[in-house]
>>> print(open('query-v1.txt').read())   # compact mmCIF, N, CA and C atoms
# COMPACT_ATOMS: atom_id res chain seq x y z
N MET I 16 -21.04 1.61 0.13
CA MET I 16 -20.53 0.71 -0.88
C MET I 16 -20.31 -0.66 -0.23
N ARG I 17 -20.82 -1.68 -0.86
CA ARG I 17 -20.62 -3.04 -0.37
C ARG I 17 -19.45 -3.66 -1.10
N ILE I 18 -18.60 -4.33 -0.36
CA ILE I 18 -17.47 -5.04 -0.94
C ILE I 18 -17.68 -6.51 -0.64
N SER I 19 -17.53 -7.32 -1.66
CA SER I 19 -17.77 -8.75 -1.49
C SER I 19 -16.66 -9.37 -0.63
N LEU I 20 -16.97 -10.49 -0.04
CA LEU I 20 -16.01 -11.22 0.77
C LEU I 20 -14.81 -11.62 -0.08
N LYS I 21 -15.05 -12.00 -1.31
CA LYS I 21 -13.97 -12.39 -2.21
C LYS I 21 -13.00 -11.23 -2.44
N THR I 22 -13.52 -10.04 -2.62
CA THR I 22 -12.69 -8.86 -2.82
C THR I 22 -11.88 -8.55 -1.57
N LEU I 23 -12.52 -8.64 -0.40
CA LEU I 23 -11.80 -8.39 0.85
C LEU I 23 -10.68 -9.39 1.06
N LEU I 24 -10.93 -10.65 0.73
CA LEU I 24 -9.88 -11.67 0.85
C LEU I 24 -8.72 -11.39 -0.09
N ARG I 25 -9.03 -10.95 -1.29
CA ARG I 25 -7.96 -10.62 -2.24
C ARG I 25 -7.11 -9.46 -1.73
N ILE I 26 -7.78 -8.44 -1.22
CA ILE I 26 -7.06 -7.28 -0.69
C ILE I 26 -6.18 -7.71 0.49
N GLY I 27 -6.74 -8.51 1.38
CA GLY I 27 -5.97 -8.99 2.53
C GLY I 27 -4.77 -9.81 2.13
N CYS I 28 -4.94 -10.69 1.16
CA CYS I 28 -3.82 -11.51 0.69
C CYS I 28 -2.75 -10.65 0.04
N LEU I 29 -3.18 -9.68 -0.73
CA LEU I 29 -2.24 -8.78 -1.39
C LEU I 29 -1.42 -8.01 -0.36
N MET I 30 -2.09 -7.48 0.66
CA MET I 30 -1.39 -6.72 1.69
C MET I 30 -0.45 -7.62 2.48
N ALA I 31 -0.90 -8.79 2.86
CA ALA I 31 -0.08 -9.69 3.66
C ALA I 31 1.16 -10.13 2.89
N SER I 32 1.01 -10.46 1.63
CA SER I 32 2.17 -10.91 0.86
C SER I 32 3.16 -9.78 0.64
N ALA I 33 2.66 -8.57 0.46
CA ALA I 33 3.56 -7.43 0.26
C ALA I 33 4.31 -7.10 1.54
N ILE I 34 3.61 -7.14 2.67
CA ILE I 34 4.25 -6.81 3.94
C ILE I 34 5.22 -7.92 4.35
N LEU I 35 4.77 -9.16 4.31
CA LEU I 35 5.62 -10.26 4.73
C LEU I 35 6.77 -10.51 3.77
N GLY I 36 6.56 -10.27 2.51
CA GLY I 36 7.63 -10.47 1.53
C GLY I 36 8.76 -9.49 1.70
N GLY I 37 8.46 -8.33 2.22
CA GLY I 37 9.48 -7.31 2.37
C GLY I 37 10.27 -7.39 3.66
N THR I 38 9.84 -8.16 4.65
CA THR I 38 10.52 -8.19 5.93
C THR I 38 11.81 -8.97 5.91
N ALA I 39 11.99 -9.88 4.98
CA ALA I 39 13.19 -10.69 4.96
C ALA I 39 14.42 -9.88 4.58
N SER I 40 14.25 -8.83 3.82
CA SER I 40 15.39 -8.07 3.33
C SER I 40 15.73 -6.87 4.21
N LEU I 41 15.23 -6.81 5.42
CA LEU I 41 15.46 -5.66 6.28
C LEU I 41 16.74 -5.75 7.10
N ALA I 42 17.49 -6.81 6.99
CA ALA I 42 18.64 -7.01 7.85
C ALA I 42 19.67 -5.89 7.75
N ALA I 43 20.05 -5.51 6.58
CA ALA I 43 21.07 -4.49 6.40
C ALA I 43 20.48 -3.30 5.66
N SER I 44 19.61 -2.58 6.33
CA SER I 44 18.91 -1.49 5.69
C SER I 44 19.77 -0.23 5.66
N THR I 45 19.74 0.43 4.52
CA THR I 45 20.49 1.66 4.36
C THR I 45 19.55 2.75 3.84
N GLU I 46 20.10 3.94 3.75
CA GLU I 46 19.31 5.05 3.24
C GLU I 46 18.91 4.80 1.78
N ALA I 47 19.79 4.18 1.01
CA ALA I 47 19.48 3.89 -0.39
C ALA I 47 18.32 2.90 -0.49
N ASP I 48 18.30 1.91 0.40
CA ASP I 48 17.20 0.94 0.42
C ASP I 48 15.89 1.65 0.75
N PHE I 49 15.96 2.58 1.71
CA PHE I 49 14.77 3.33 2.08
C PHE I 49 14.27 4.15 0.90
N LYS I 50 15.16 4.86 0.23
CA LYS I 50 14.75 5.70 -0.89
C LYS I 50 14.07 4.88 -1.98
N GLN I 51 14.58 3.68 -2.22
CA GLN I 51 13.99 2.80 -3.23
C GLN I 51 12.58 2.35 -2.79
N SER I 52 12.45 1.95 -1.55
CA SER I 52 11.15 1.50 -1.03
C SER I 52 10.16 2.65 -1.00
N TYR I 53 10.62 3.82 -0.60
CA TYR I 53 9.74 4.98 -0.51
C TYR I 53 9.27 5.42 -1.90
N ALA I 54 10.18 5.36 -2.87
CA ALA I 54 9.81 5.72 -4.25
C ALA I 54 8.74 4.77 -4.79
N ALA I 55 8.88 3.49 -4.49
CA ALA I 55 7.88 2.51 -4.94
C ALA I 55 6.53 2.79 -4.28
N ALA I 56 6.55 3.14 -3.00
CA ALA I 56 5.31 3.45 -2.29
C ALA I 56 4.66 4.71 -2.85
N GLU I 57 5.46 5.72 -3.12
CA GLU I 57 4.91 6.96 -3.69
C GLU I 57 4.33 6.72 -5.08
N ALA I 58 4.98 5.87 -5.88
CA ALA I 58 4.47 5.56 -7.22
C ALA I 58 3.11 4.86 -7.13
N ALA I 59 3.00 3.92 -6.21
CA ALA I 59 1.72 3.22 -6.03
C ALA I 59 0.65 4.18 -5.52
N GLU I 60 1.02 5.08 -4.63
CA GLU I 60 0.07 6.06 -4.10
C GLU I 60 -0.36 7.03 -5.20
N LYS I 61 0.55 7.37 -6.08
CA LYS I 61 0.20 8.24 -7.20
C LYS I 61 -0.80 7.56 -8.12
N GLU I 62 -0.59 6.27 -8.37
CA GLU I 62 -1.52 5.50 -9.20
C GLU I 62 -2.91 5.45 -8.55
N ALA I 63 -2.94 5.28 -7.23
CA ALA I 63 -4.22 5.29 -6.52
C ALA I 63 -4.88 6.67 -6.64
N GLY I 64 -4.08 7.70 -6.63
CA GLY I 64 -4.62 9.05 -6.79
C GLY I 64 -5.23 9.28 -8.16
N VAL I 65 -4.60 8.73 -9.18
CA VAL I 65 -5.14 8.84 -10.52
C VAL I 65 -6.50 8.16 -10.60
N LEU I 66 -6.66 7.06 -9.87
CA LEU I 66 -7.94 6.33 -9.84
C LEU I 66 -8.91 6.94 -8.82
N ARG I 67 -8.50 8.01 -8.16
CA ARG I 67 -9.29 8.71 -7.15
C ARG I 67 -9.72 7.78 -6.02
N ASN I 68 -8.75 7.01 -5.53
CA ASN I 68 -9.04 6.07 -4.45
C ASN I 68 -7.87 6.01 -3.46
N ARG I 69 -7.45 7.16 -2.99
CA ARG I 69 -6.39 7.20 -1.99
C ARG I 69 -6.97 6.87 -0.62
N TRP I 70 -6.17 6.16 0.17
CA TRP I 70 -6.58 5.79 1.52
C TRP I 70 -5.77 6.59 2.53
N LEU I 71 -6.40 7.05 3.60
CA LEU I 71 -5.71 7.80 4.65
C LEU I 71 -4.63 6.98 5.35
N PRO I 72 -4.82 5.68 5.60
CA PRO I 72 -3.75 4.90 6.23
C PRO I 72 -2.47 4.85 5.38
N THR I 73 -2.63 4.93 4.08
CA THR I 73 -1.45 4.94 3.21
C THR I 73 -0.65 6.21 3.44
N GLN I 74 -1.32 7.32 3.49
CA GLN I 74 -0.64 8.59 3.71
C GLN I 74 0.00 8.64 5.10
N SER I 75 -0.65 8.04 6.07
CA SER I 75 -0.10 7.96 7.42
C SER I 75 1.17 7.11 7.44
N ALA I 76 1.15 5.99 6.73
CA ALA I 76 2.32 5.11 6.68
C ALA I 76 3.48 5.81 5.97
N LEU I 77 3.19 6.58 4.93
CA LEU I 77 4.25 7.34 4.25
C LEU I 77 4.86 8.39 5.19
N ALA I 78 4.01 9.04 5.98
CA ALA I 78 4.51 10.03 6.94
C ALA I 78 5.37 9.35 8.01
N ASP I 79 4.95 8.18 8.48
CA ASP I 79 5.73 7.42 9.46
C ASP I 79 7.09 7.04 8.88
N ALA I 80 7.09 6.65 7.60
CA ALA I 80 8.35 6.28 6.95
C ALA I 80 9.30 7.47 6.89
N ARG I 81 8.77 8.63 6.53
CA ARG I 81 9.61 9.84 6.48
C ARG I 81 10.17 10.19 7.85
N LYS I 82 9.34 10.12 8.88
CA LYS I 82 9.79 10.44 10.24
C LYS I 82 10.89 9.49 10.70
N ALA I 83 10.69 8.21 10.45
CA ALA I 83 11.70 7.22 10.85
C ALA I 83 13.01 7.44 10.09
N ALA I 84 12.92 7.77 8.82
CA ALA I 84 14.13 8.01 8.04
C ALA I 84 14.85 9.26 8.53
N ASP I 85 14.09 10.28 8.89
CA ASP I 85 14.70 11.50 9.43
C ASP I 85 15.46 11.23 10.72
N LYS I 86 15.00 10.25 11.48
CA LYS I 86 15.68 9.87 12.73
C LYS I 86 16.83 8.89 12.49
N GLY I 87 16.97 8.41 11.25
CA GLY I 87 18.03 7.47 10.93
C GLY I 87 17.67 6.01 11.16
N ASP I 88 16.43 5.74 11.49
CA ASP I 88 15.95 4.37 11.72
C ASP I 88 15.43 3.82 10.38
N PHE I 89 16.36 3.37 9.55
CA PHE I 89 16.00 2.97 8.20
C PHE I 89 15.24 1.64 8.15
N GLU I 90 15.46 0.77 9.12
CA GLU I 90 14.69 -0.48 9.13
C GLU I 90 13.21 -0.19 9.34
N ARG I 91 12.91 0.67 10.31
CA ARG I 91 11.51 1.03 10.55
C ARG I 91 10.95 1.84 9.38
N ALA I 92 11.79 2.69 8.79
CA ALA I 92 11.35 3.51 7.66
C ALA I 92 11.00 2.64 6.46
N ILE I 93 11.82 1.64 6.20
CA ILE I 93 11.55 0.73 5.07
C ILE I 93 10.30 -0.09 5.34
N SER I 94 10.14 -0.53 6.57
CA SER I 94 8.94 -1.29 6.93
C SER I 94 7.68 -0.46 6.70
N ALA I 95 7.71 0.80 7.13
CA ALA I 95 6.55 1.68 6.94
C ALA I 95 6.32 1.98 5.47
N ALA I 96 7.40 2.15 4.70
CA ALA I 96 7.26 2.40 3.27
C ALA I 96 6.66 1.19 2.56
N LYS I 97 7.07 0.00 2.95
CA LYS I 97 6.51 -1.21 2.34
C LYS I 97 5.04 -1.38 2.72
N GLU I 98 4.70 -1.02 3.95
CA GLU I 98 3.30 -1.06 4.36
C GLU I 98 2.48 -0.07 3.52
N ALA I 99 3.02 1.13 3.32
CA ALA I 99 2.34 2.14 2.52
C ALA I 99 2.16 1.65 1.08
N GLU I 100 3.18 1.00 0.55
CA GLU I 100 3.09 0.48 -0.82
C GLU I 100 1.99 -0.59 -0.91
N ALA I 101 1.95 -1.47 0.09
CA ALA I 101 0.93 -2.53 0.09
C ALA I 101 -0.47 -1.93 0.18
N LEU I 102 -0.64 -0.93 1.02
CA LEU I 102 -1.94 -0.27 1.15
C LEU I 102 -2.33 0.43 -0.16
N ALA I 103 -1.36 1.10 -0.77
CA ALA I 103 -1.65 1.79 -2.03
C ALA I 103 -2.03 0.80 -3.12
N LYS I 104 -1.31 -0.31 -3.18
CA LYS I 104 -1.64 -1.33 -4.18
C LYS I 104 -3.02 -1.93 -3.92
N ALA I 105 -3.36 -2.10 -2.65
CA ALA I 105 -4.68 -2.61 -2.32
C ALA I 105 -5.77 -1.62 -2.73
N SER I 106 -5.50 -0.33 -2.56
CA SER I 106 -6.50 0.66 -2.98
C SER I 106 -6.64 0.70 -4.49
N VAL I 107 -5.53 0.48 -5.20
CA VAL I 107 -5.60 0.40 -6.67
C VAL I 107 -6.41 -0.83 -7.07
N PHE I 108 -6.16 -1.95 -6.40
CA PHE I 108 -6.90 -3.17 -6.68
C PHE I 108 -8.39 -2.95 -6.42
N GLN I 109 -8.70 -2.31 -5.32
CA GLN I 109 -10.11 -2.05 -4.99
C GLN I 109 -10.76 -1.18 -6.07
N ALA I 110 -10.07 -0.14 -6.47
CA ALA I 110 -10.63 0.78 -7.47
C ALA I 110 -10.89 0.07 -8.79
N THR I 111 -9.95 -0.75 -9.21
CA THR I 111 -10.11 -1.43 -10.50
C THR I 111 -11.15 -2.54 -10.43
N SER I 112 -11.20 -3.26 -9.31
CA SER I 112 -12.18 -4.35 -9.21
C SER I 112 -13.59 -3.82 -9.02
N GLU I 113 -13.74 -2.71 -8.33
CA GLU I 113 -15.06 -2.15 -8.10
C GLU I 113 -15.56 -1.34 -9.30
N LYS I 114 -14.69 -1.09 -10.25
CA LYS I 114 -15.07 -0.31 -11.42
C LYS I 114 -16.24 -0.94 -12.17
N GLU I 115 -16.27 -2.25 -12.22
CA GLU I 115 -17.34 -2.97 -12.89
C GLU I 115 -18.25 -3.72 -11.92
N ALA I 116 -17.78 -3.95 -10.71
CA ALA I 116 -18.55 -4.76 -9.75
C ALA I 116 -19.86 -4.09 -9.33
N TRP I 117 -19.94 -2.79 -9.41
CA TRP I 117 -21.18 -2.11 -9.00
C TRP I 117 -22.36 -2.56 -9.82
N LYS I 118 -22.10 -3.02 -11.05
CA LYS I 118 -23.18 -3.45 -11.92
C LYS I 118 -23.90 -4.68 -11.36
N ASP I 119 -23.15 -5.50 -10.60
CA ASP I 119 -23.75 -6.69 -9.99
C ASP I 119 -24.72 -6.33 -8.87
N LEU I 120 -24.57 -5.15 -8.29
CA LEU I 120 -25.43 -4.71 -7.19
C LEU I 120 -26.68 -3.98 -7.68
N GLU I 121 -26.69 -3.65 -8.93
CA GLU I 121 -27.82 -2.91 -9.49
C GLU I 121 -29.05 -3.81 -9.59
N ILE I 122 -30.17 -3.28 -9.20
CA ILE I 122 -31.44 -4.03 -9.29
C ILE I 122 -31.85 -4.07 -10.75
N ARG I 123 -32.18 -5.27 -11.19
CA ARG I 123 -32.56 -5.41 -12.61
C ARG I 123 -34.01 -5.79 -12.73
>>> encode(input="query-v1.txt", output="structure tokens")
Amino acid sequence: MRISLKTLLRIGCLMASAILGGTASLAASTEADFKQSYAAAEAAEKEAGVLRNRWLPTQSALADARKAADKGDFERAISAAKEAEALAKASVFQATSEKEAWKDLEIR
């Protein structure tokens, strides 16, 4: 599957803004903050699953978030959950944008 440069740039911008936007609020991280971030990441991953476009790095980031939370490191857990959410949203974006883009690659 070929992905256009424009699509890759959009995915990159989406991921960067999601990751960087979430780092400012990590100062006083609690378990409740983690649960909220993790729930958002799981919801985005579920949406990607419905579109049949789950990414392995997303699942890895979710696992890292759970491990960090189990150790009580909620700042790292929230960071991993936000990364997982950004990856899941990027996979949703890819699935929806590629839904019609394949027609441009078809030989006419």
>>> residues_around(input="query-v1.txt", residues="stretch 47-53 of chain I", least_positions_apart="4", cutoff="6 Å", atoms="all atoms listed in the file", output="PyMOL selection string")
chain I and resi 57-58+92-93+96-97
>>> closest_residue(input="query-v1.txt", among="I:Val107, I:Ala95, I:Ala84, I:Ala101", to="I:Arg69", atoms="all atoms listed in the file")
I:Val107
>>> atom_distance(input="query-v1.txt", atom1="atom CA of I:Ala105", atom2="atom CA of I:Phe89")
23.9 Å
>>> atom_distance(input="query-v1.txt", atom1="atom CA of I:Phe108", atom2="atom CA of I:Ala55")
15.9 Å
>>> atom_distance(input="query-v1.txt", atom1="atom N of I:Ala54", atom2="atom N of I:Ile26")
22.7 Å
>>> closest_residue(input="query-v1.txt", among="I:Ala99, I:Ala110, I:Ala63, I:Ala56", to="I:Ser75", atoms="all atoms listed in the file")
I:Ala99
>>> closest_residue(input="query-v1.txt", among="I:Glu98, I:Thr45, I:Ala76, I:Ala103", to="I:Lys61", atoms="only N, CA and C atoms")
I:Ala103
>>> closest_residue(input="query-v1.txt", among="I:Glu46, I:Ser106, I:Asp85, I:Arg91", to="I:Arg67", atoms="all atoms listed in the file")
I:Ser106
